[in-house]
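Next comes my_file.pdb, a file with PDB, C-alpha atoms.
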ATOM      1  CA  MET A 763       0.000   0.000   0.000  1.00  0.00           C
ATOM      2  CA  ILE A 764       1.397   3.383  -1.032  1.00  0.00           C
ATOM      3  CA  THR A 765       0.820   5.919   1.736  1.00  0.00           C
ATOM      4  CA  ASN A 766       2.333   8.962   0.002  1.00  0.00           C
ATOM      5  CA  LEU A 767       2.133   9.329  -3.762  1.00  0.00           C
ATOM      6  CA  GLU A 768       4.749  12.081  -3.984  1.00  0.00           C
ATOM      7  CA  SER A 769       7.500  10.242  -2.080  1.00  0.00           C
ATOM      8  CA  GLY A 770       6.429   6.698  -2.907  1.00  0.00           C
ATOM      9  CA  THR A 771       6.436   5.730   0.777  1.00  0.00           C
ATOM     10  CA  ASN A 772       4.714   2.358   1.131  1.00  0.00           C
ATOM     11  CA  VAL A 773       3.726  -0.214   3.759  1.00  0.00           C
ATOM     12  CA  HIS A 774       3.634  -4.005   3.424  1.00  0.00           C
ATOM     13  CA  GLU A 775       3.264  -6.832   5.926  1.00  0.00           C
ATOM     14  CA  ILE A 776       6.357  -9.056   5.614  1.00  0.00           C
ATOM     15  CA  ALA A 777       5.567 -11.437   8.511  1.00  0.00           C
ATOM     16  CA  SER A 778       2.611 -11.863  10.838  1.00  0.00           C
ATOM     17  CA  GLY A 779       2.050  -8.469  12.461  1.00  0.00           C
ATOM     18  CA  ILE A 780       5.319  -7.011  11.115  1.00  0.00           C
ATOM     19  CA  TYR A 781       5.103  -4.178   8.582  1.00  0.00           C
ATOM     20  CA  ARG A 782       7.905  -2.772   6.452  1.00  0.00           C
ATOM     21  CA  ILE A 783       7.682   0.981   5.857  1.00  0.00           C
ATOM     22  CA  ASN A 784       9.774   1.866   2.809  1.00  0.00           C
ATOM     23  CA  THR A 785      10.706   5.269   1.402  1.00  0.00           C
ATOM     24  CA  PRO A 786      12.807   5.496  -1.804  1.00  0.00           C
ATOM     25  CA  VAL A 787      15.293   8.362  -1.777  1.00  0.00           C
ATOM     26  CA  PRO A 788      17.172   9.575  -4.871  1.00  0.00           C
ATOM     27  CA  LEU A 789      20.941   9.909  -4.533  1.00  0.00           C
ATOM     28  CA  PRO A 790      23.357  11.443  -7.055  1.00  0.00           C
ATOM     29  CA  GLY A 791      23.497   8.918  -9.881  1.00  0.00           C
ATOM     30  CA  SER A 792      21.614   6.200  -8.010  1.00  0.00           C
ATOM     31  CA  GLU A 793      18.607   5.233  -5.931  1.00  0.00           C
ATOM     32  CA  PHE A 794      18.458   4.193  -2.280  1.00  0.00           C
ATOM     33  CA  SER A 795      15.775   3.406   0.291  1.00  0.00           C
ATOM     34  CA  PHE A 796      15.161   3.602   4.013  1.00  0.00           C
ATOM     35  CA  ASN A 797      13.032   1.056   5.862  1.00  0.00           C
ATOM     36  CA  GLN A 798      11.424   1.037   9.276  1.00  0.00           C
ATOM     37  CA  TYR A 799       9.638  -1.948  10.790  1.00  0.00           C
ATOM     38  CA  LEU A 800       6.443  -1.713  12.803  1.00  0.00           C
ATOM     39  CA  VAL A 801       5.527  -4.637  15.052  1.00  0.00           C
ATOM     40  CA  VAL A 802       1.813  -4.375  15.806  1.00  0.00           C
ATOM     41  CA  ASP A 803       0.944  -6.042  19.086  1.00  0.00           C
ATOM     42  CA  ASP A 804      -0.370  -5.296  22.574  1.00  0.00           C
ATOM     43  CA  GLU A 805       2.716  -3.126  23.078  1.00  0.00           C
ATOM     44  CA  PRO A 806       3.761  -2.053  19.564  1.00  0.00           C
ATOM     45  CA  LEU A 807       7.388  -1.468  18.609  1.00  0.00           C
ATOM     46  CA  LEU A 808       8.902   0.630  15.830  1.00  0.00           C
ATOM     47  CA  PHE A 809      12.409  -0.512  14.857  1.00  0.00           C
ATOM     48  CA  HIS A 810      14.429   2.297  13.224  1.00  0.00           C
ATOM     49  CA  THR A 811      12.879   5.769  13.355  1.00  0.00           C
ATOM     50  CA  GLY A 812      14.215   7.038  10.049  1.00  0.00           C
ATOM     51  CA  LEU A 813      15.864  10.379   9.411  1.00  0.00           C
ATOM     52  CA  ARG A 814      14.310  13.501  10.909  1.00  0.00           C
ATOM     53  CA  GLN A 815      13.440  14.771   7.435  1.00  0.00           C
ATOM     54  CA  LEU A 816      11.496  11.563   6.731  1.00  0.00           C
ATOM     55  CA  PHE A 817       9.456  11.767   9.932  1.00  0.00           C
ATOM     56  CA  PRO A 818       6.233  13.128   8.353  1.00  0.00           C
ATOM     57  CA  LEU A 819       6.268  10.331   5.766  1.00  0.00           C
ATOM     58  CA  VAL A 820       6.970   7.562   8.256  1.00  0.00           C
ATOM     59  CA  ARG A 821       4.384   8.905  10.699  1.00  0.00           C
ATOM     60  CA  GLU A 822       1.799   8.936   7.902  1.00  0.00           C
ATOM     61  CA  ALA A 823       2.672   5.331   7.081  1.00  0.00           C
ATOM     62  CA  VAL A 824       2.417   4.176  10.705  1.00  0.00           C
ATOM     63  CA  GLU A 825      -0.938   5.937  11.024  1.00  0.00           C
ATOM     64  CA  SER A 826      -2.210   3.910   8.073  1.00  0.00           C
ATOM     65  CA  VAL A 827      -1.729   0.789  10.188  1.00  0.00           C
ATOM     66  CA  MET A 828      -2.381   1.950  13.782  1.00  0.00           C
ATOM     67  CA  PRO A 829      -2.502   5.155  15.873  1.00  0.00           C
ATOM     68  CA  VAL A 830       0.994   6.500  16.566  1.00  0.00           C
ATOM     69  CA  ALA A 831       0.003   7.200  20.174  1.00  0.00           C
ATOM     70  CA  ARG A 832      -0.201   3.424  20.770  1.00  0.00           C
ATOM     71  CA  LEU A 833       3.541   2.946  20.296  1.00  0.00           C
ATOM     72  CA  ARG A 834       5.222   1.534  23.381  1.00  0.00           C
ATOM     73  CA  TYR A 835       8.811   1.013  22.205  1.00  0.00           C
ATOM     74  CA  ILE A 836      11.097   2.833  19.760  1.00  0.00           C
ATOM     75  CA  GLY A 837      14.022   0.511  19.018  1.00  0.00           C
ATOM     76  CA  PHE A 838      17.170   0.893  16.946  1.00  0.00           C
ATOM     77  CA  SER A 839      20.494  -0.794  16.347  1.00  0.00           C
ATOM     78  CA  HIS A 840      22.942   2.031  16.976  1.00  0.00           C
ATOM     79  CA  PHE A 841      23.149   5.794  17.302  1.00  0.00           C
ATOM     80  CA  GLU A 842      22.960   7.149  13.754  1.00  0.00           C
ATOM     81  CA  ALA A 843      20.585   9.537  11.988  1.00  0.00           C
ATOM     82  CA  ASP A 844      18.669   6.953   9.963  1.00  0.00           C
ATOM     83  CA  GLU A 845      18.409   4.702  13.031  1.00  0.00           C
ATOM     84  CA  CYS A 846      17.122   7.228  15.557  1.00  0.00           C
ATOM     85  CA  GLY A 847      17.208  10.707  14.015  1.00  0.00           C
ATOM     86  CA  SER A 848      13.515  11.360  14.665  1.00  0.00           C
ATOM     87  CA  LEU A 849      13.405   9.602  18.054  1.00  0.00           C
ATOM     88  CA  ASN A 850      12.249  12.623  20.038  1.00  0.00           C
ATOM     89  CA  GLN A 851       9.544  13.427  17.490  1.00  0.00           C
ATOM     90  CA  TRP A 852       8.102   9.941  18.024  1.00  0.00           C
ATOM     91  CA  LEU A 853       8.341  10.263  21.795  1.00  0.00           C
ATOM     92  CA  ALA A 854       6.405  13.530  21.606  1.00  0.00           C
ATOM     93  CA  LEU A 855       3.482  11.807  19.840  1.00  0.00           C
ATOM     94  CA  ALA A 856       3.530   8.542  21.811  1.00  0.00           C
ATOM     95  CA  PRO A 857       3.323   9.438  25.515  1.00  0.00           C
ATOM     96  CA  ASP A 858       3.875   5.873  26.737  1.00  0.00           C
ATOM     97  CA  ALA A 859       6.758   5.039  24.392  1.00  0.00           C
ATOM     98  CA  VAL A 860      10.355   4.617  25.534  1.00  0.00           C
ATOM     99  CA  PRO A 861      13.565   4.202  23.541  1.00  0.00           C
ATOM    100  CA  VAL A 862      14.992   0.663  23.415  1.00  0.00           C
ATOM    101  CA  CYS A 863      18.700   0.199  22.805  1.00  0.00           C
ATOM    102  CA  SER A 864      21.827  -1.519  24.063  1.00  0.00           C
ATOM    103  CA  THR A 865      23.225  -0.771  27.491  1.00  0.00           C
ATOM    104  CA  VAL A 866      26.261   0.862  25.866  1.00  0.00           C
ATOM    105  CA  ALA A 867      24.083   3.054  23.619  1.00  0.00           C
ATOM    106  CA  ALA A 868      22.078   4.215  26.628  1.00  0.00           C
ATOM    107  CA  LEU A 869      25.274   5.051  28.474  1.00  0.00           C
ATOM    108  CA  VAL A 870      27.166   6.904  25.747  1.00  0.00           C
ATOM    109  CA  SER A 871      24.408   8.624  23.720  1.00  0.00           C
ATOM    110  CA  VAL A 872      20.747   7.859  24.197  1.00  0.00           C
ATOM    111  CA  GLY A 873      20.513   8.661  27.895  1.00  0.00           C
ATOM    112  CA  ASP A 874      21.576  12.203  27.062  1.00  0.00           C
ATOM    113  CA  GLN A 875      19.957  12.754  23.659  1.00  0.00           C
ATOM    114  CA  ALA A 876      16.511  11.212  24.192  1.00  0.00           C
ATOM    115  CA  ASP A 877      13.717  13.245  25.777  1.00  0.00           C
ATOM    116  CA  ARG A 878      12.689  10.165  27.762  1.00  0.00           C
ATOM    117  CA  ALA A 879      14.916   7.722  29.607  1.00  0.00           C
ATOM    118  CA  PRO A 880      15.718   4.644  27.493  1.00  0.00           C
ATOM    119  CA  ARG A 881      15.132   1.045  28.376  1.00  0.00           C
ATOM    120  CA  ALA A 882      18.629  -0.383  28.110  1.00  0.00           C
ATOM    121  CA  LEU A 883      18.682  -4.072  27.206  1.00  0.00           C
ATOM    122  CA  VAL A 884      21.463  -6.476  28.082  1.00  0.00           C
ATOM    123  CA  ASP A 885      22.654  -9.126  25.664  1.00  0.00           C
ATOM    124  CA  GLY A 886      20.066 -11.903  25.328  1.00  0.00           C
ATOM    125  CA  GLU A 887      17.313 -10.032  27.159  1.00  0.00           C
ATOM    126  CA  THR A 888      13.784 -10.446  25.814  1.00  0.00           C
ATOM    127  CA  LEU A 889      11.045  -7.891  25.377  1.00  0.00           C
ATOM    128  CA  ALA A 890       7.483  -9.239  25.441  1.00  0.00           C
ATOM    129  CA  LEU A 891       5.133  -7.297  23.163  1.00  0.00           C
ATOM    130  CA  GLY A 892       2.185  -9.708  23.363  1.00  0.00           C
ATOM    131  CA  LYS A 893       2.208 -12.349  20.623  1.00  0.00           C
ATOM    132  CA  HIS A 894       5.740 -11.292  19.664  1.00  0.00           C
ATOM    133  CA  THR A 895       8.794 -11.685  21.869  1.00  0.00           C
ATOM    134  CA  MET A 896      11.853  -9.717  20.839  1.00  0.00           C
ATOM    135  CA  ARG A 897      15.341 -10.871  21.836  1.00  0.00           C
ATOM    136  CA  TRP A 898      18.126  -8.308  21.996  1.00  0.00           C
ATOM    137  CA  LEU A 899      21.546  -9.343  20.661  1.00  0.00           C
ATOM    138  CA  ASP A 900      24.611  -7.230  21.363  1.00  0.00           C
ATOM    139  CA  THR A 901      26.679  -6.960  18.163  1.00  0.00           C
ATOM    140  CA  PRO A 902      29.497  -4.525  18.970  1.00  0.00           C
ATOM    141  CA  HIS A 903      31.090  -3.201  15.753  1.00  0.00           C
ATOM    142  CA  LEU A 904      28.750  -5.329  13.610  1.00  0.00           C
ATOM    143  CA  PRO A 905      28.246  -3.725  11.230  1.00  0.00           C
ATOM    144  CA  HIS A 906      29.605  -0.596  12.906  1.00  0.00           C
ATOM    145  CA  GLY A 907      29.524   1.125  16.272  1.00  0.00           C
ATOM    146  CA  TRP A 908      30.587  -0.101  19.705  1.00  0.00           C
ATOM    147  CA  GLU A 909      26.974   0.216  20.873  1.00  0.00           C
ATOM    148  CA  SER A 910      25.428  -1.825  18.032  1.00  0.00           C
ATOM    149  CA  GLY A 911      22.797  -4.445  18.678  1.00  0.00           C
ATOM    150  CA  LEU A 912      20.071  -6.212  16.708  1.00  0.00           C
ATOM    151  CA  MET A 913      16.727  -7.855  17.437  1.00  0.00           C
ATOM    152  CA  PHE A 914      15.186 -11.252  16.734  1.00  0.00           C
ATOM    153  CA  ASP A 915      11.463 -12.012  16.947  1.00  0.00           C
ATOM    154  CA  THR A 916      11.214 -15.506  18.396  1.00  0.00           C
ATOM    155  CA  SER A 917       7.552 -15.878  17.385  1.00  0.00           C
ATOM    156  CA  THR A 918       7.943 -15.315  13.627  1.00  0.00           C
ATOM    157  CA  GLY A 919      11.638 -16.061  13.108  1.00  0.00           C
ATOM    158  CA  THR A 920      12.221 -12.508  11.880  1.00  0.00           C
ATOM    159  CA  PHE A 921      15.711 -11.067  12.324  1.00  0.00           C
ATOM    160  CA  PHE A 922      15.863  -7.272  12.338  1.00  0.00           C
ATOM    161  CA  CYS A 923      19.278  -7.082  10.737  1.00  0.00           C
ATOM    162  CA  GLY A 924      19.776  -3.330  10.434  1.00  0.00           C
ATOM    163  CA  ASP A 925      22.539  -2.434   7.989  1.00  0.00           C
ATOM    164  CA  LEU A 926      23.467  -6.044   7.259  1.00  0.00           C
ATOM    165  CA  PHE A 927      22.559  -6.880   3.641  1.00  0.00           C
ATOM    166  CA  THR A 928      22.140  -3.223   2.653  1.00  0.00           C
ATOM    167  CA  GLN A 929      20.948  -3.162  -0.956  1.00  0.00           C
ATOM    168  CA  PRO A 930      20.988  -0.250  -3.393  1.00  0.00           C
ATOM    169  CA  GLY A 931      17.891   0.776  -5.306  1.00  0.00           C
ATOM    170  CA  LYS A 932      14.359   1.629  -4.271  1.00  0.00           C
ATOM    171  CA  GLY A 933      13.571  -1.704  -2.634  1.00  0.00           C
ATOM    172  CA  GLU A 934      10.480  -2.141  -4.807  1.00  0.00           C
ATOM    173  CA  MET A 935       9.960  -5.749  -3.695  1.00  0.00           C
ATOM    174  CA  PRO A 936       8.777  -5.681  -0.067  1.00  0.00           C
ATOM    175  CA  LEU A 937       9.797  -9.312   0.443  1.00  0.00           C
ATOM    176  CA  THR A 938      12.015 -11.356  -1.842  1.00  0.00           C
ATOM    177  CA  GLN A 939      13.576 -14.795  -2.032  1.00  0.00           C
ATOM    178  CA  SER A 940      16.130 -13.668  -4.611  1.00  0.00           C
ATOM    179  CA  ASP A 941      19.817 -13.114  -3.941  1.00  0.00           C
ATOM    180  CA  ILE A 942      20.482 -10.113  -1.704  1.00  0.00           C
ATOM    181  CA  LEU A 943      24.028 -11.014  -0.646  1.00  0.00           C
ATOM    182  CA  GLY A 944      25.522 -10.302  -4.073  1.00  0.00           C
ATOM    183  CA  PRO A 945      23.993  -6.840  -4.473  1.00  0.00           C
ATOM    184  CA  SER A 946      24.707  -5.940  -0.857  1.00  0.00           C
ATOM    185  CA  GLU A 947      28.372  -6.964  -1.148  1.00  0.00           C
ATOM    186  CA  ASP A 948      28.749  -5.080  -4.429  1.00  0.00           C
ATOM    187  CA  PHE A 949      27.394  -2.026  -2.620  1.00  0.00           C
ATOM    188  CA  ARG A 950      29.475  -2.475   0.549  1.00  0.00           C
ATOM    189  CA  GLN A 951      32.917  -3.265  -0.803  1.00  0.00           C
ATOM    190  CA  PRO A 952      33.778   0.066  -2.496  1.00  0.00           C
ATOM    191  CA  MET A 953      32.943   2.001   0.695  1.00  0.00           C
ATOM    192  CA  ASP A 954      33.863  -0.726   3.201  1.00  0.00           C
ATOM    193  CA  TYR A 955      31.541   0.718   5.845  1.00  0.00           C
ATOM    194  CA  PHE A 956      31.631  -2.375   8.071  1.00  0.00           C
ATOM    195  CA  SER A 957      33.920  -2.492  11.071  1.00  0.00           C
ATOM    196  CA  HIS A 958      36.483  -5.279  10.952  1.00  0.00           C
ATOM    197  CA  THR A 959      36.323  -7.019  14.300  1.00  0.00           C
ATOM    198  CA  PRO A 960      37.827 -10.460  14.925  1.00  0.00           C
ATOM    199  CA  LYS A 961      34.494 -11.495  16.429  1.00  0.00           C
ATOM    200  CA  THR A 962      32.410 -10.891  13.285  1.00  0.00           C
ATOM    201  CA  GLY A 963      32.232 -14.565  12.358  1.00  0.00           C
ATOM    202  CA  GLU A 964      31.394 -15.567  15.916  1.00  0.00           C
ATOM    203  CA  MET A 965      28.549 -13.057  16.135  1.00  0.00           C
ATOM    204  CA  LEU A 966      27.100 -14.022  12.763  1.00  0.00           C
ATOM    205  CA  GLU A 967      27.242 -17.705  13.697  1.00  0.00           C
ATOM    206  CA  ARG A 968      25.380 -16.968  16.914  1.00  0.00           C
ATOM    207  CA  ILE A 969      22.612 -15.274  14.925  1.00  0.00           C
ATOM    208  CA  ALA A 970      22.607 -18.054  12.327  1.00  0.00           C
ATOM    209  CA  ALA A 971      22.008 -20.565  15.117  1.00  0.00           C
ATOM    210  CA  LEU A 972      18.643 -18.878  15.738  1.00  0.00           C
ATOM    211  CA  ARG A 973      17.619 -20.041  12.238  1.00  0.00           C
ATOM    212  CA  PRO A 974      15.792 -16.899  11.096  1.00  0.00           C
ATOM    213  CA  THR A 975      13.412 -17.272   8.168  1.00  0.00           C
ATOM    214  CA  THR A 976      12.827 -13.581   7.446  1.00  0.00           C
ATOM    215  CA  LEU A 977      15.481 -10.861   7.349  1.00  0.00           C
ATOM    216  CA  ALA A 978      14.126  -7.351   7.926  1.00  0.00           C
ATOM    217  CA  CYS A 979      16.748  -5.292   6.093  1.00  0.00           C
ATOM    218  CA  MET A 980      17.013  -1.571   6.728  1.00  0.00           C
ATOM    219  CA  HIS A 981      17.824  -0.722   3.114  1.00  0.00           C
ATOM    220  CA  GLY A 982      16.257  -2.587   0.196  1.00  0.00           C
ATOM    221  CA  SER A 983      13.961  -5.596   0.204  1.00  0.00           C
ATOM    222  CA  ALA A 984      13.244  -7.787   3.186  1.00  0.00           C
ATOM    223  CA  TRP A 985      14.192 -11.389   2.507  1.00  0.00           C
ATOM    224  CA  GLN A 986      12.659 -14.799   3.154  1.00  0.00           C
ATOM    225  CA  GLY A 987      14.410 -18.171   3.151  1.00  0.00           C
ATOM    226  CA  ASP A 988      17.181 -20.036   4.944  1.00  0.00           C
ATOM    227  CA  GLY A 989      18.531 -17.152   6.983  1.00  0.00           C
ATOM    228  CA  ALA A 990      21.133 -19.287   8.726  1.00  0.00           C
ATOM    229  CA  ALA A 991      22.773 -20.218   5.430  1.00  0.00           C
ATOM    230  CA  LEU A 992      22.696 -16.625   4.180  1.00  0.00           C
ATOM    231  CA  LEU A 993      24.286 -15.299   7.375  1.00  0.00           C
ATOM    232  CA  ARG A 994      27.049 -17.896   7.099  1.00  0.00           C
ATOM    233  CA  HIS A 995      27.663 -16.868   3.497  1.00  0.00           C
ATOM    234  CA  LEU A 996      27.940 -13.269   4.689  1.00  0.00           C
ATOM    235  CA  ALA A 997      30.501 -14.345   7.284  1.00  0.00           C
ATOM    236  CA  GLU A 998      32.538 -16.008   4.535  1.00  0.00           C
ATOM    237  CA  ALA A 999      32.382 -12.863   2.404  1.00  0.00           C
ATOM    238  CA  LEU A1000      33.526 -10.685   5.282  1.00  0.00           C
ATOM    239  CA  SER A1001      36.392 -12.987   6.155  1.00  0.00           C
TER
END
Kindly return the structure encoded in the file as structure tokens.
Amino acid sequence: MITNLESGTNVHEIASGIYRINTPVPLPGSEFSFNQYLVVDDEPLLFHTGLRQLFPLVREAVESVMPVARLRYIGFSHFEADECGSLNQWLALAPDAVPVCSTVAALVSVGDQADRAPRALVDGETLALGKHTMRWLDTPHLPHGWESGLMFDTSTGTFFCGDLFTQPGKGEMPLTQSDILGPSEDFRQPMDYFSHTPKTGEMLERIAALRPTTLACMHGSAWQGDGAALLRHLAEALS
């Protein structure tokens, strides 16, 4: 469903109760996209806020699914504009919402920058939303940032993988089973925006062991299939 004809912002359900909000953004000589993920439940969660300048579009998209004021959690992987740039704008509209981030992120950035105290999660901690249970995974320096972490929905097998598998283009396909590793590696390698930590393989193997079936990518299409195999292929590429 397109929620804004001018920007092309659109909303699609990629797993039970999980909606991808996608906005294509033109870049010099190319196309790119920003995704947020809305988990609709008793205590709804928005993962990634989007850039501040995209806030009106993302808010409009969320409102097409549920009232913004119902949001209970605003989650993100690490402290960066497209991850949490509009955090305080969301907190202003959702009086019961709190930021959700890693303990390190709360300590070094979010505790100071957010208008409401964050809920800092420790590695492996779960967050019960109702039908969905989110597990927090600390991933320091994966893909970048000491404070990085990612989320896994144990009820649907959806891994909210942030900047992993970033794909160029508009992300026209909400959910695909086609190759995303090739395009994402072609996009990553010239810029090399991943950190290079000796624990990358170990962290990716830990996530692979959860056997995700849907990957909620922040840029490009979400993906469905054997997530464990794809994550292990990514580890090989990064090694």
Exercise. I would like the residues chosen by the PyMOL selection byres ((chain A and resi 853-867) around 7) on the shown file; could you give them as a ChimeraX atom specification?
Key: /A:830-841,849-852,868-872,878-884,900,909,911
Self-check item: Minimum-distance residue to Cys846 in chain A, chosen among A:Ser826, A:Leu816, A:Met896, A:Thr811 (using only C-alpha atoms)
Solution: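 Of A:Ser826, A:Leu816, A:Met896, A:Thr811, the one nearest Cys846 in chain A, counting only C-alpha atoms, is A:Thr811.
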7 Å contact set for range 946-960 of chain A, only C-alpha atoms, chain neighbours under 2 positions out, as a PDB file with C-alpha atoms, keeping the file's coordinate frame:
ATOM      1  CA  HIS A 903      31.090  -3.201  15.753  1.00  0.00           C
ATOM      2  CA  LEU A 904      28.750  -5.329  13.610  1.00  0.00           C
ATOM      3  CA  PRO A 905      28.246  -3.725  11.230  1.00  0.00           C
ATOM      4  CA  HIS A 906      29.605  -0.596  12.906  1.00  0.00           C
ATOM      5  CA  PHE A 927      22.559  -6.880   3.641  1.00  0.00           C
ATOM      6  CA  THR A 928      22.140  -3.223   2.653  1.00  0.00           C
ATOM      7  CA  GLN A 929      20.948  -3.162  -0.956  1.00  0.00           C
ATOM      8  CA  PRO A 930      20.988  -0.250  -3.393  1.00  0.00           C
ATOM      9  CA  ILE A 942      20.482 -10.113  -1.704  1.00  0.00           C
ATOM     10  CA  LEU A 943      24.028 -11.014  -0.646  1.00  0.00           C
ATOM     11  CA  GLY A 944      25.522 -10.302  -4.073  1.00  0.00           C
ATOM     12  CA  THR A 962      32.410 -10.891  13.285  1.00  0.00           C
TER      13      THR A 962
END
Practice problem: Would you mind telling me which residue in A:Glu998, A:Glu934, A:Glu822, A:Asp844 lies nearest to Asn784 in chain A when using all atoms listed in the file? | Solution: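 Ranking A:Glu998, A:Glu934, A:Glu822, A:Asp844 by distance to Asn784 in chain A, first place goes to A:Glu934.
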Quiz item: In Å, how far is it from CA of Gln986 in chain A to CA of Thr920 in chain A?
Solution: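 Computing it gives 9.0 Å between the two atoms.
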Quiz item: When distances are computed from only C-alpha atoms, which of A:Gly873, A:Pro788, A:Asp803, A:Gly847 shows the smallest separation from Gln815 in chain A?
Solution: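 Closest candidate: A:Gly847.
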Quiz item: Pick the closest to Ser778 in chain A from A:Leu912, A:Leu993, A:Val802, A:Ala971: which is it, counting all atoms listed in the file?
Solution: A:Val802
Quiz prompt | Matched chain/residue IDs from the PyMOL selection byres ((chain A and resi 914) around 10), as an MDAnalysis selection string | solution = chainID A and resid 886 888 894:899 912:913 915:923 969 972 974 976:978
Practice problem: Please indicate the distance in Å from CA of Ser910 in chain A to CA of Asp885 in chain A, rounded to one decimal place. | Solution: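 Taking CA of Ser910 in chain A and CA of Asp885 in chain A, their separation equals 10.9 Å.
Between CA of Leu1000 in chain A and CA of Ser940 in chain A the interatomic distance comes to 20.2 Å.
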Practice problem: Starting from the point (6.6, 0.5, 10.6), work out which residues of protein, DNA or RNA have an atom no more than 7 Å away when counting all atoms listed in the file; state them as a PyMOL selection string. | Solution: chain A and resi 781-783+798-801+808+824
Pull C-alpha atoms from the residues just selected and write them as a compact mmCIF listing (two decimals), in the frame of the given file.
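Output below, filename selection_29.txt:
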# COMPACT_ATOMS: atom_id res chain seq x y z
CA TYR A 781 5.10 -4.18 8.58
CA ARG A 782 7.90 -2.77 6.45
CA ILE A 783 7.68 0.98 5.86
CA GLN A 798 11.42 1.04 9.28
CA TYR A 799 9.64 -1.95 10.79
CA LEU A 800 6.44 -1.71 12.80
CA VAL A 801 5.53 -4.64 15.05
CA LEU A 808 8.90 0.63 15.83
CA VAL A 824 2.42 4.18 10.70
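A search radius of 7 Å centred on (19.5, -19.8, 7.1), applied to only C-alpha atoms, returns the residues Ala970, Arg973, Pro974, Thr975, Gly987, Asp988, Gly989, Ala990, Ala991, Leu992 and Leu993 of chain A.
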Kindly save the residues from that selection, with C-alpha atoms included, as an mmCIF file, in the frame of the given file.
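Written file, again_13.cif:
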data_model
loop_
_atom_site.group_PDB
_atom_site.id
_atom_site.type_symbol
_atom_site.label_atom_id
_atom_site.label_comp_id
_atom_site.auth_asym_id
_atom_site.auth_seq_id
_atom_site.Cartn_x
_atom_site.Cartn_y
_atom_site.Cartn_z
ATOM 1 C CA ALA A 970 22.607 -18.054 12.327
ATOM 2 C CA ARG A 973 17.619 -20.041 12.238
ATOM 3 C CA PRO A 974 15.792 -16.899 11.096
ATOM 4 C CA THR A 975 13.412 -17.272 8.168
ATOM 5 C CA GLY A 987 14.410 -18.171 3.151
ATOM 6 C CA ASP A 988 17.181 -20.036 4.944
ATOM 7 C CA GLY A 989 18.531 -17.152 6.983
ATOM 8 C CA ALA A 990 21.133 -19.287 8.726
ATOM 9 C CA ALA A 991 22.773 -20.218 5.430
ATOM 10 C CA LEU A 992 22.696 -16.625 4.180
ATOM 11 C CA LEU A 993 24.286 -15.299 7.375
#
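Compared by their closest atoms to Leu813 in chain A, and using all atoms listed in the file, the residues A:Thr901, A:Asn797, A:Ser983, A:Thr765 rank with A:Asn797 nearest.
Considering the residues A:Ile764, A:Ala823, A:Ala843, A:Val773 and counting all atoms listed in the file, His810 in chain A has its shortest atom-to-atom contact with A:Ala843.
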Practice problem: Give me the residues within 8 Å of Leu819 in chain A as number ranges by chain, counting only C-alpha atoms and dropping any in the same chain fewer than 6 places off. | Solution: A: 766, 769, 771
Quiz item: Where does the PyMOL selection byres ((chain A and resi 793) around 6) land in this file, that is, which residues does it pick, as a list of chain:residue names?
Solution: A:Pro788, A:Leu789, A:Ser792, A:Phe794, A:Gly931, A:Lys932
